[in-house]
Amino acid sequence: MICPSDVADAKMKMYNLDGSEGKMCGNGIRCVGKYLFDHNMVQGNTIKIETLSGIKTLNAYRHDGKVDVLRVDMGKAILASSEIPVAINKPRVINEPVTIGGVEYNITCVSMGNPHSVVFCNNVDKIDLEKIGPLFENSELFPERVNAEFVKVIDEHTIEMRVWERGSGETWACGTGACAVAVAAVENGLCKKNEPITVKLKGGNLIIEYTDDTVYLTGYAETVFEGEIEL
């Protein structure tokens, strides 16, 4: 939902499949940005959108006069365990062995305004996400539940991932998840900081750049249809 804001150009409200309100949505905020630009509700190429995770800045890129790519300054990645939160008595959780559902995994935990647990594996297609996803989401390790990403690093600039989102299940794309897996890959020495990383998801590719100061998320946004809904 796009709402008025007293502190930004607009406010975004996003709800998960189970009705819970999401604090942040990387793909959603790009779609909100495109709508605002396409309907002449904002001017210029830079806007600010208020979310439950703070005010985010978006830059628009046009092709033939239409906005088709947006870059979001997602803010600084949070790695402190207490702030994610994750119930492990260590300052950060990087490649940490844990047992979930009776199986041992090595997890790296990151918050991008919402909590993420990243697992590196050799084949994301073989993961039984319908079974494993809920076990991660509702594990006692994650007091506020968690988004779980299962990731294969193809090379230093390319990652393939699947995601189980808390409150929604498996989705074809997750902007904050793509940011989290890029951060996790850098922290594990698998990718490089300050360089673009292509994250491949079922719904398409996102470009992530993890810097000392912030994480940038870049991706396409397209209008699929417009209509009216009666509530």
# chains A, B, ... in the order shown; residues from 1 in each chain; ligands from 1

call {"tool": "residues_around", "arguments": {"residues": "A:Asp212", "least_positions_apart": "5", "cutoff": "12 Å", "atoms": "only C-alpha atoms", "output": "PDB file with all heavy atoms, in the first residue's frame"}}
result
ATOM      1  N   GLY A  75      20.360   0.632   3.199  1.00  0.00           N
ATOM      2  CA  GLY A  75      20.906   0.880   4.524  1.00  0.00           C
ATOM      3  C   GLY A  75      21.976  -0.130   4.896  1.00  0.00           C
ATOM      4  O   GLY A  75      22.259  -1.081   4.174  1.00  0.00           O
ATOM      5  N   LYS A  76      22.559   0.070   6.028  1.00  0.00           N
ATOM      6  CA  LYS A  76      23.682  -0.744   6.486  1.00  0.00           C
ATOM      7  C   LYS A  76      23.199  -2.142   6.881  1.00  0.00           C
ATOM      8  O   LYS A  76      22.162  -2.296   7.533  1.00  0.00           O
ATOM      9  CB  LYS A  76      24.346  -0.065   7.676  1.00  0.00           C
ATOM     10  CG  LYS A  76      25.763  -0.542   7.971  1.00  0.00           C
ATOM     11  CD  LYS A  76      26.387   0.316   9.065  1.00  0.00           C
ATOM     12  CE  LYS A  76      27.820  -0.097   9.356  1.00  0.00           C
ATOM     13  NZ  LYS A  76      28.741   0.206   8.263  1.00  0.00           N
ATOM     14  N   ALA A  77      23.942  -3.158   6.477  1.00  0.00           N
ATOM     15  CA  ALA A  77      23.636  -4.529   6.887  1.00  0.00           C
ATOM     16  C   ALA A  77      23.909  -4.694   8.377  1.00  0.00           C
ATOM     17  O   ALA A  77      24.923  -4.216   8.889  1.00  0.00           O
ATOM     18  CB  ALA A  77      24.478  -5.519   6.088  1.00  0.00           C
ATOM     19  N   ILE A  78      22.999  -5.346   9.070  1.00  0.00           N
ATOM     20  CA  ILE A  78      23.146  -5.599  10.505  1.00  0.00           C
ATOM     21  C   ILE A  78      23.641  -7.023  10.711  1.00  0.00           C
ATOM     22  O   ILE A  78      23.002  -7.986  10.263  1.00  0.00           O
ATOM     23  CB  ILE A  78      21.814  -5.379  11.236  1.00  0.00           C
ATOM     24  CG1 ILE A  78      21.380  -3.910  11.111  1.00  0.00           C
ATOM     25  CG2 ILE A  78      21.919  -5.781  12.704  1.00  0.00           C
ATOM     26  CD1 ILE A  78      19.971  -3.650  11.586  1.00  0.00           C
ATOM     27  N   VAL A 183      25.619 -10.169   1.281  1.00  0.00           N
ATOM     28  CA  VAL A 183      26.393  -9.825   2.477  1.00  0.00           C
ATOM     29  C   VAL A 183      27.009 -11.084   3.078  1.00  0.00           C
ATOM     30  O   VAL A 183      28.203 -11.104   3.431  1.00  0.00           O
ATOM     31  CB  VAL A 183      25.495  -9.113   3.513  1.00  0.00           C
ATOM     32  CG1 VAL A 183      26.224  -8.957   4.850  1.00  0.00           C
ATOM     33  CG2 VAL A 183      25.053  -7.757   2.992  1.00  0.00           C
ATOM     34  N   VAL A 186      29.980 -12.327   1.056  1.00  0.00           N
ATOM     35  CA  VAL A 186      31.181 -11.511   1.281  1.00  0.00           C
ATOM     36  C   VAL A 186      31.791 -11.831   2.640  1.00  0.00           C
ATOM     37  O   VAL A 186      33.007 -12.021   2.770  1.00  0.00           O
ATOM     38  CB  VAL A 186      30.852 -10.007   1.178  1.00  0.00           C
ATOM     39  CG1 VAL A 186      32.036  -9.164   1.645  1.00  0.00           C
ATOM     40  CG2 VAL A 186      30.475  -9.641  -0.250  1.00  0.00           C
ATOM     41  N   GLU A 187      30.953 -11.926   3.673  1.00  0.00           N
ATOM     42  CA  GLU A 187      31.455 -12.187   5.020  1.00  0.00           C
ATOM     43  C   GLU A 187      32.102 -13.564   5.131  1.00  0.00           C
ATOM     44  O   GLU A 187      32.959 -13.790   5.988  1.00  0.00           O
ATOM     45  CB  GLU A 187      30.318 -12.055   6.045  1.00  0.00           C
ATOM     46  CG  GLU A 187      29.777 -10.649   6.198  1.00  0.00           C
ATOM     47  CD  GLU A 187      30.812  -9.667   6.746  1.00  0.00           C
ATOM     48  OE1 GLU A 187      31.670 -10.104   7.538  1.00  0.00           O
ATOM     49  OE2 GLU A 187      30.762  -8.473   6.374  1.00  0.00           O
ATOM     50  N   LYS A 192      33.178 -10.498  -3.274  1.00  0.00           N
ATOM     51  CA  LYS A 192      33.965  -9.330  -2.901  1.00  0.00           C
ATOM     52  C   LYS A 192      33.077  -8.140  -2.558  1.00  0.00           C
ATOM     53  O   LYS A 192      32.076  -7.886  -3.224  1.00  0.00           O
ATOM     54  CB  LYS A 192      34.918  -8.960  -4.033  1.00  0.00           C
ATOM     55  CG  LYS A 192      35.994 -10.014  -4.295  1.00  0.00           C
ATOM     56  CD  LYS A 192      36.939  -9.574  -5.404  1.00  0.00           C
ATOM     57  CE  LYS A 192      38.031 -10.614  -5.630  1.00  0.00           C
ATOM     58  NZ  LYS A 192      38.972 -10.211  -6.712  1.00  0.00           N
ATOM     59  N   LYS A 193      33.506  -7.410  -1.538  1.00  0.00           N
ATOM     60  CA  LYS A 193      32.819  -6.182  -1.155  1.00  0.00           C
ATOM     61  C   LYS A 193      33.080  -5.097  -2.198  1.00  0.00           C
ATOM     62  O   LYS A 193      34.097  -5.121  -2.892  1.00  0.00           O
ATOM     63  CB  LYS A 193      33.304  -5.731   0.233  1.00  0.00           C
ATOM     64  CG  LYS A 193      32.511  -4.593   0.831  1.00  0.00           C
ATOM     65  CD  LYS A 193      33.005  -4.239   2.229  1.00  0.00           C
ATOM     66  CE  LYS A 193      32.411  -5.128   3.285  1.00  0.00           C
ATOM     67  NZ  LYS A 193      32.693  -4.614   4.660  1.00  0.00           N
ATOM     68  N   ASN A 194      32.139  -4.167  -2.310  1.00  0.00           N
ATOM     69  CA  ASN A 194      32.250  -3.007  -3.211  1.00  0.00           C
ATOM     70  C   ASN A 194      32.232  -3.388  -4.684  1.00  0.00           C
ATOM     71  O   ASN A 194      32.637  -2.586  -5.533  1.00  0.00           O
ATOM     72  CB  ASN A 194      33.517  -2.192  -2.911  1.00  0.00           C
ATOM     73  CG  ASN A 194      33.541  -1.643  -1.496  1.00  0.00           C
ATOM     74  OD1 ASN A 194      32.571  -1.058  -1.036  1.00  0.00           O
ATOM     75  ND2 ASN A 194      34.647  -1.864  -0.796  1.00  0.00           N
ATOM     76  N   GLU A 195      31.767  -4.594  -4.999  1.00  0.00           N
ATOM     77  CA  GLU A 195      31.648  -5.016  -6.390  1.00  0.00           C
ATOM     78  C   GLU A 195      30.242  -5.570  -6.635  1.00  0.00           C
ATOM     79  O   GLU A 195      29.648  -6.173  -5.735  1.00  0.00           O
ATOM     80  CB  GLU A 195      32.701  -6.067  -6.732  1.00  0.00           C
ATOM     81  CG  GLU A 195      34.127  -5.538  -6.664  1.00  0.00           C
ATOM     82  CD  GLU A 195      35.151  -6.528  -7.184  1.00  0.00           C
ATOM     83  OE1 GLU A 195      34.747  -7.556  -7.784  1.00  0.00           O
ATOM     84  OE2 GLU A 195      36.364  -6.273  -6.991  1.00  0.00           O
TER      85      GLU A 195
END

call {"tool": "select_by_dssp", "arguments": {"residues": "stretch 15-218 of chain A", "states": "alpha helix (DSSP H)", "output": "VMD selection string"}}
result
chain A and resid 26 to 38 129 to 137 175 to 187

call {"tool": "residues_around", "arguments": {"residues": "A:Asp18", "least_positions_apart": "6", "cutoff": "10 Å", "atoms": "only C-alpha atoms", "output": "number ranges by chain"}}
result
A: 166-169

call {"tool": "write_last_selection", "arguments": {"atoms": "all heavy atoms", "output": "PDB file, in the first residue's frame"}}
result
ATOM      1  N   ARG A 166       9.313 -15.550   5.941  1.00  0.00           N
ATOM      2  CA  ARG A 166       8.453 -15.720   7.117  1.00  0.00           C
ATOM      3  C   ARG A 166       7.089 -15.101   6.832  1.00  0.00           C
ATOM      4  O   ARG A 166       6.975 -13.993   6.316  1.00  0.00           O
ATOM      5  CB  ARG A 166       9.094 -15.077   8.363  1.00  0.00           C
ATOM      6  CG  ARG A 166       9.312 -13.594   8.260  1.00  0.00           C
ATOM      7  CD  ARG A 166       9.840 -12.998   9.565  1.00  0.00           C
ATOM      8  NE  ARG A 166      10.005 -11.555   9.404  1.00  0.00           N
ATOM      9  CZ  ARG A 166      10.339 -10.730  10.386  1.00  0.00           C
ATOM     10  NH1 ARG A 166      10.562 -11.198  11.590  1.00  0.00           N
ATOM     11  NH2 ARG A 166      10.479  -9.439  10.163  1.00  0.00           N
ATOM     12  N   GLY A 167       6.063 -15.871   7.131  1.00  0.00           N
ATOM     13  CA  GLY A 167       4.709 -15.372   6.933  1.00  0.00           C
ATOM     14  C   GLY A 167       4.175 -15.539   5.532  1.00  0.00           C
ATOM     15  O   GLY A 167       2.998 -15.300   5.284  1.00  0.00           O
ATOM     16  N   SER A 168       5.024 -15.966   4.571  1.00  0.00           N
ATOM     17  CA  SER A 168       4.566 -16.074   3.180  1.00  0.00           C
ATOM     18  C   SER A 168       4.937 -17.392   2.505  1.00  0.00           C
ATOM     19  O   SER A 168       4.336 -17.772   1.520  1.00  0.00           O
ATOM     20  CB  SER A 168       5.126 -14.916   2.343  1.00  0.00           C
ATOM     21  OG  SER A 168       4.578 -13.683   2.760  1.00  0.00           O
ATOM     22  N   GLY A 169       5.955 -18.087   2.997  1.00  0.00           N
ATOM     23  CA  GLY A 169       6.399 -19.317   2.344  1.00  0.00           C
ATOM     24  C   GLY A 169       7.413 -19.032   1.251  1.00  0.00           C
ATOM     25  O   GLY A 169       8.021 -17.965   1.212  1.00  0.00           O
TER      26      GLY A 169
END

call {"tool": "select_by_dssp", "arguments": {"residues": "stretch 15-181 of chain A", "states": "strand (DSSP E or B)", "output": "ChimeraX atom specification"}}
result
/A:15,21-22,46-51,54-63,66-73,78,80,92,96-100,103-111,115-120,147-155,158-165,169-171

call {"tool": "residues_around", "arguments": {"residues": "stretch 62-71 of chain A", "least_positions_apart": "5", "cutoff": "10 Å", "atoms": "only C-alpha atoms", "output": "ChimeraX atom specification"}}
result
/A:26-27,29-31,33-35,37-38,45-46,57,207-208,216-223

call {"tool": "write_last_selection", "arguments": {"atoms": "N, CA, C and O atoms", "output": "compact mmCIF listing (two decimals), in the first residue's frame"}}
result
# COMPACT_ATOMS: atom_id res chain seq x y z
N GLY A 26 12.28 -5.28 -0.33
CA GLY A 26 13.12 -4.68 -1.35
C GLY A 26 12.48 -4.62 -2.72
O GLY A 26 12.60 -3.63 -3.45
N ASN A 27 11.78 -5.70 -3.11
CA ASN A 27 11.10 -5.69 -4.40
C ASN A 27 9.86 -4.80 -4.35
O ASN A 27 9.56 -4.08 -5.30
N ILE A 29 9.36 -2.10 -2.56
CA ILE A 29 9.67 -0.66 -2.56
C ILE A 29 10.05 -0.19 -3.96
O ILE A 29 9.77 0.95 -4.34
N ARG A 30 10.66 -1.06 -4.77
CA ARG A 30 10.96 -0.68 -6.16
C ARG A 30 9.66 -0.52 -6.95
O ARG A 30 9.53 0.39 -7.78
N CYS A 31 8.71 -1.40 -6.70
CA CYS A 31 7.42 -1.29 -7.40
C CYS A 31 6.67 -0.03 -6.97
O CYS A 31 6.04 0.64 -7.81
N GLY A 33 8.10 2.69 -5.95
CA GLY A 33 8.82 3.79 -6.60
C GLY A 33 8.41 3.96 -8.04
O GLY A 33 8.16 5.08 -8.51
N LYS A 34 8.32 2.86 -8.77
CA LYS A 34 7.91 2.94 -10.19
C LYS A 34 6.51 3.54 -10.32
O LYS A 34 6.27 4.38 -11.19
N TYR A 35 5.59 3.11 -9.47
CA TYR A 35 4.23 3.63 -9.52
C TYR A 35 4.22 5.14 -9.32
O TYR A 35 3.54 5.88 -10.04
N PHE A 37 6.64 7.31 -9.86
CA PHE A 37 7.21 7.98 -11.02
C PHE A 37 6.25 7.93 -12.22
O PHE A 37 6.00 8.94 -12.88
N ASP A 38 5.70 6.75 -12.50
CA ASP A 38 4.85 6.58 -13.67
C ASP A 38 3.58 7.42 -13.60
O ASP A 38 3.02 7.81 -14.64
N ASN A 45 14.62 12.25 -10.34
CA ASN A 45 15.03 10.85 -10.43
C ASN A 45 15.32 10.22 -9.09
O ASN A 45 15.67 9.03 -9.02
N THR A 46 15.18 10.98 -8.00
CA THR A 46 15.47 10.46 -6.66
C THR A 46 14.29 10.74 -5.74
O THR A 46 13.77 11.86 -5.71
N THR A 57 16.13 5.62 0.22
CA THR A 57 16.29 6.48 -0.95
C THR A 57 16.35 5.63 -2.20
O THR A 57 17.08 4.63 -2.25
N ILE A 207 20.76 -7.08 -8.75
CA ILE A 207 22.16 -6.70 -8.62
C ILE A 207 22.36 -6.08 -7.24
O ILE A 207 21.69 -5.10 -6.90
N ILE A 208 23.28 -6.64 -6.47
CA ILE A 208 23.54 -6.18 -5.11
C ILE A 208 24.99 -5.68 -5.01
O ILE A 208 25.90 -6.31 -5.54
N TYR A 216 23.33 -1.66 -1.70
CA TYR A 216 22.50 -1.17 -2.81
C TYR A 216 21.83 -2.34 -3.50
O TYR A 216 22.45 -3.37 -3.78
N LEU A 217 20.54 -2.18 -3.78
CA LEU A 217 19.73 -3.18 -4.49
C LEU A 217 19.24 -2.56 -5.79
O LEU A 217 18.57 -1.52 -5.77
N THR A 218 19.57 -3.18 -6.91
CA THR A 218 19.15 -2.67 -8.22
C THR A 218 18.41 -3.76 -8.98
O THR A 218 18.84 -4.91 -9.02
N GLY A 219 17.27 -3.37 -9.58
CA GLY A 219 16.51 -4.34 -10.35
C GLY A 219 15.44 -3.68 -11.19
O GLY A 219 15.13 -2.49 -11.02
N TYR A 220 14.90 -4.47 -12.11
CA TYR A 220 13.83 -3.99 -12.98
C TYR A 220 12.50 -3.93 -12.23
O TYR A 220 12.30 -4.63 -11.24
N ALA A 221 11.61 -3.09 -12.71
CA ALA A 221 10.24 -3.05 -12.22
C ALA A 221 9.34 -2.82 -13.43
O ALA A 221 9.58 -1.91 -14.21
N GLU A 222 8.33 -3.67 -13.58
CA GLU A 222 7.42 -3.59 -14.73
C GLU A 222 5.98 -3.51 -14.25
O GLU A 222 5.62 -4.12 -13.24
N THR A 223 5.17 -2.78 -14.98
CA THR A 223 3.73 -2.76 -14.72
C THR A 223 3.10 -3.96 -15.41
O THR A 223 3.20 -4.12 -16.62

call {"tool": "closest_residue", "arguments": {"among": "A:Ile84, A:Met74, A:Asn40, A:Glu50", "to": "A:Pro4", "atoms": "only C-alpha atoms"}}
result
A:Glu50

call {"tool": "atom_distance", "arguments": {"atom1": "atom CA of A:Asn114", "atom2": "atom CA of A:Met24"}}
result
6.6 Å

call {"tool": "atom_distance", "arguments": {"atom1": "atom CA of A:Ile55", "atom2": "atom CA of A:Ser117"}}
result
23.9 Å

call {"tool": "residues_around", "arguments": {"residues": "A:Leu79", "least_positions_apart": "6", "cutoff": "7 Å", "atoms": "only C-alpha atoms", "output": "ChimeraX atom specification"}}
result
/A:92,109-111

call {"tool": "residues_around", "arguments": {"residues": "A:Arg162", "least_positions_apart": "5", "cutoff": "9 Å", "atoms": "only C-alpha atoms", "output": "NGL selection string"}}
result
:A and (124-125 or 127 or 129 or 148-151 or 170-174 or 200-202)

call {"tool": "write_last_selection", "arguments": {"atoms": "N, CA and C atoms", "output": "PDB file, in the first residue's frame"}}
result
ATOM      1  N   VAL A 124      20.611 -25.804  -5.035  1.00  0.00           N
ATOM      2  CA  VAL A 124      19.421 -25.223  -4.412  1.00  0.00           C
ATOM      3  C   VAL A 124      18.139 -25.911  -4.886  1.00  0.00           C
ATOM      4  N   ASP A 125      18.175 -26.506  -6.074  1.00  0.00           N
ATOM      5  CA  ASP A 125      16.969 -27.136  -6.615  1.00  0.00           C
ATOM      6  C   ASP A 125      16.568 -28.386  -5.844  1.00  0.00           C
ATOM      7  N   ILE A 127      16.716 -28.759  -2.604  1.00  0.00           N
ATOM      8  CA  ILE A 127      16.245 -28.434  -1.258  1.00  0.00           C
ATOM      9  C   ILE A 127      14.727 -28.611  -1.190  1.00  0.00           C
ATOM     10  N   LEU A 129      12.113 -27.229   0.202  1.00  0.00           N
ATOM     11  CA  LEU A 129      11.855 -25.983   0.915  1.00  0.00           C
ATOM     12  C   LEU A 129      10.513 -25.997   1.646  1.00  0.00           C
ATOM     13  N   ALA A 148      14.530 -17.615   5.417  1.00  0.00           N
ATOM     14  CA  ALA A 148      15.618 -18.577   5.207  1.00  0.00           C
ATOM     15  C   ALA A 148      15.995 -18.626   3.730  1.00  0.00           C
ATOM     16  N   GLU A 149      17.290 -18.441   3.444  1.00  0.00           N
ATOM     17  CA  GLU A 149      17.796 -18.487   2.072  1.00  0.00           C
ATOM     18  C   GLU A 149      18.762 -19.654   1.923  1.00  0.00           C
ATOM     19  N   PHE A 150      18.591 -20.382   0.832  1.00  0.00           N
ATOM     20  CA  PHE A 150      19.482 -21.491   0.495  1.00  0.00           C
ATOM     21  C   PHE A 150      20.186 -21.119  -0.799  1.00  0.00           C
ATOM     22  N   VAL A 151      21.525 -21.136  -0.754  1.00  0.00           N
ATOM     23  CA  VAL A 151      22.325 -20.397  -1.721  1.00  0.00           C
ATOM     24  C   VAL A 151      23.440 -21.243  -2.303  1.00  0.00           C
ATOM     25  N   GLU A 170       7.586 -19.999   0.329  1.00  0.00           N
ATOM     26  CA  GLU A 170       8.550 -19.778  -0.742  1.00  0.00           C
ATOM     27  C   GLU A 170       8.013 -18.728  -1.707  1.00  0.00           C
ATOM     28  N   THR A 171       8.864 -17.775  -2.048  1.00  0.00           N
ATOM     29  CA  THR A 171       8.506 -16.762  -3.034  1.00  0.00           C
ATOM     30  C   THR A 171       9.531 -16.780  -4.165  1.00  0.00           C
ATOM     31  N   TRP A 172       9.161 -16.197  -5.290  1.00  0.00           N
ATOM     32  CA  TRP A 172      10.024 -16.211  -6.472  1.00  0.00           C
ATOM     33  C   TRP A 172      11.092 -15.134  -6.421  1.00  0.00           C
ATOM     34  N   ALA A 173      10.947 -14.204  -5.511  1.00  0.00           N
ATOM     35  CA  ALA A 173      11.938 -13.132  -5.401  1.00  0.00           C
ATOM     36  C   ALA A 173      11.846 -12.501  -4.023  1.00  0.00           C
ATOM     37  N   CYS A 174      12.978 -12.064  -3.514  1.00  0.00           N
ATOM     38  CA  CYS A 174      13.016 -11.398  -2.210  1.00  0.00           C
ATOM     39  C   CYS A 174      14.184 -10.431  -2.221  1.00  0.00           C
ATOM     40  N   LYS A 200      20.614 -14.584  -8.630  1.00  0.00           N
ATOM     41  CA  LYS A 200      19.634 -15.204  -9.512  1.00  0.00           C
ATOM     42  C   LYS A 200      18.527 -15.852  -8.678  1.00  0.00           C
ATOM     43  N   LEU A 201      17.288 -15.426  -8.939  1.00  0.00           N
ATOM     44  CA  LEU A 201      16.119 -15.980  -8.264  1.00  0.00           C
ATOM     45  C   LEU A 201      15.145 -16.515  -9.308  1.00  0.00           C
ATOM     46  N   LYS A 202      14.152 -17.255  -8.855  1.00  0.00           N
ATOM     47  CA  LYS A 202      13.145 -17.780  -9.788  1.00  0.00           C
ATOM     48  C   LYS A 202      12.481 -16.663 -10.579  1.00  0.00           C
TER      49      LYS A 202
END

call {"tool": "residues_around", "arguments": {"residues": "stretch 6-9 of chain A", "least_positions_apart": "4", "cutoff": "7 Å", "atoms": "only C-alpha atoms", "output": "PDB file with all heavy atoms, in the first residue's frame"}}
result
ATOM      1  N   ILE A  47      13.877   9.728  -4.996  1.00  0.00           N
ATOM      2  CA  ILE A  47      12.781   9.894  -4.041  1.00  0.00           C
ATOM      3  C   ILE A  47      13.124   9.184  -2.742  1.00  0.00           C
ATOM      4  O   ILE A  47      14.014   8.332  -2.697  1.00  0.00           O
ATOM      5  CB  ILE A  47      11.437   9.357  -4.586  1.00  0.00           C
ATOM      6  CG1 ILE A  47      11.539   7.856  -4.927  1.00  0.00           C
ATOM      7  CG2 ILE A  47      10.968  10.148  -5.769  1.00  0.00           C
ATOM      8  CD1 ILE A  47      10.201   7.228  -5.242  1.00  0.00           C
ATOM      9  N   LYS A  48      12.376   9.532  -1.697  1.00  0.00           N
ATOM     10  CA  LYS A  48      12.519   8.876  -0.403  1.00  0.00           C
ATOM     11  C   LYS A  48      11.178   8.258  -0.008  1.00  0.00           C
ATOM     12  O   LYS A  48      10.132   8.888  -0.175  1.00  0.00           O
ATOM     13  CB  LYS A  48      12.986   9.872   0.665  1.00  0.00           C
ATOM     14  CG  LYS A  48      14.390  10.421   0.406  1.00  0.00           C
ATOM     15  CD  LYS A  48      14.844  11.334   1.526  1.00  0.00           C
ATOM     16  CE  LYS A  48      16.231  11.907   1.240  1.00  0.00           C
ATOM     17  NZ  LYS A  48      17.262  10.858   1.185  1.00  0.00           N
ATOM     18  N   ILE A  49      11.243   7.018   0.497  1.00  0.00           N
ATOM     19  CA  ILE A  49      10.036   6.300   0.888  1.00  0.00           C
ATOM     20  C   ILE A  49      10.182   5.839   2.334  1.00  0.00           C
ATOM     21  O   ILE A  49      11.187   5.236   2.715  1.00  0.00           O
ATOM     22  CB  ILE A  49       9.774   5.101  -0.038  1.00  0.00           C
ATOM     23  CG1 ILE A  49       9.490   5.601  -1.468  1.00  0.00           C
ATOM     24  CG2 ILE A  49       8.592   4.271   0.466  1.00  0.00           C
ATOM     25  CD1 ILE A  49       9.252   4.518  -2.481  1.00  0.00           C
ATOM     26  N   GLU A  50       9.171   6.131   3.125  1.00  0.00           N
ATOM     27  CA  GLU A  50       9.154   5.751   4.536  1.00  0.00           C
ATOM     28  C   GLU A  50       8.710   4.290   4.672  1.00  0.00           C
ATOM     29  O   GLU A  50       7.729   3.860   4.060  1.00  0.00           O
ATOM     30  CB  GLU A  50       8.195   6.663   5.308  1.00  0.00           C
ATOM     31  CG  GLU A  50       8.089   6.347   6.784  1.00  0.00           C
ATOM     32  CD  GLU A  50       7.034   7.204   7.471  1.00  0.00           C
ATOM     33  OE1 GLU A  50       6.422   8.074   6.800  1.00  0.00           O
ATOM     34  OE2 GLU A  50       6.805   6.984   8.677  1.00  0.00           O
TER      35      GLU A  50
END

call {"tool": "atom_distance", "arguments": {"atom1": "atom CA of A:Ser82", "atom2": "atom CA of A:Ala180"}}
result
16.5 Å
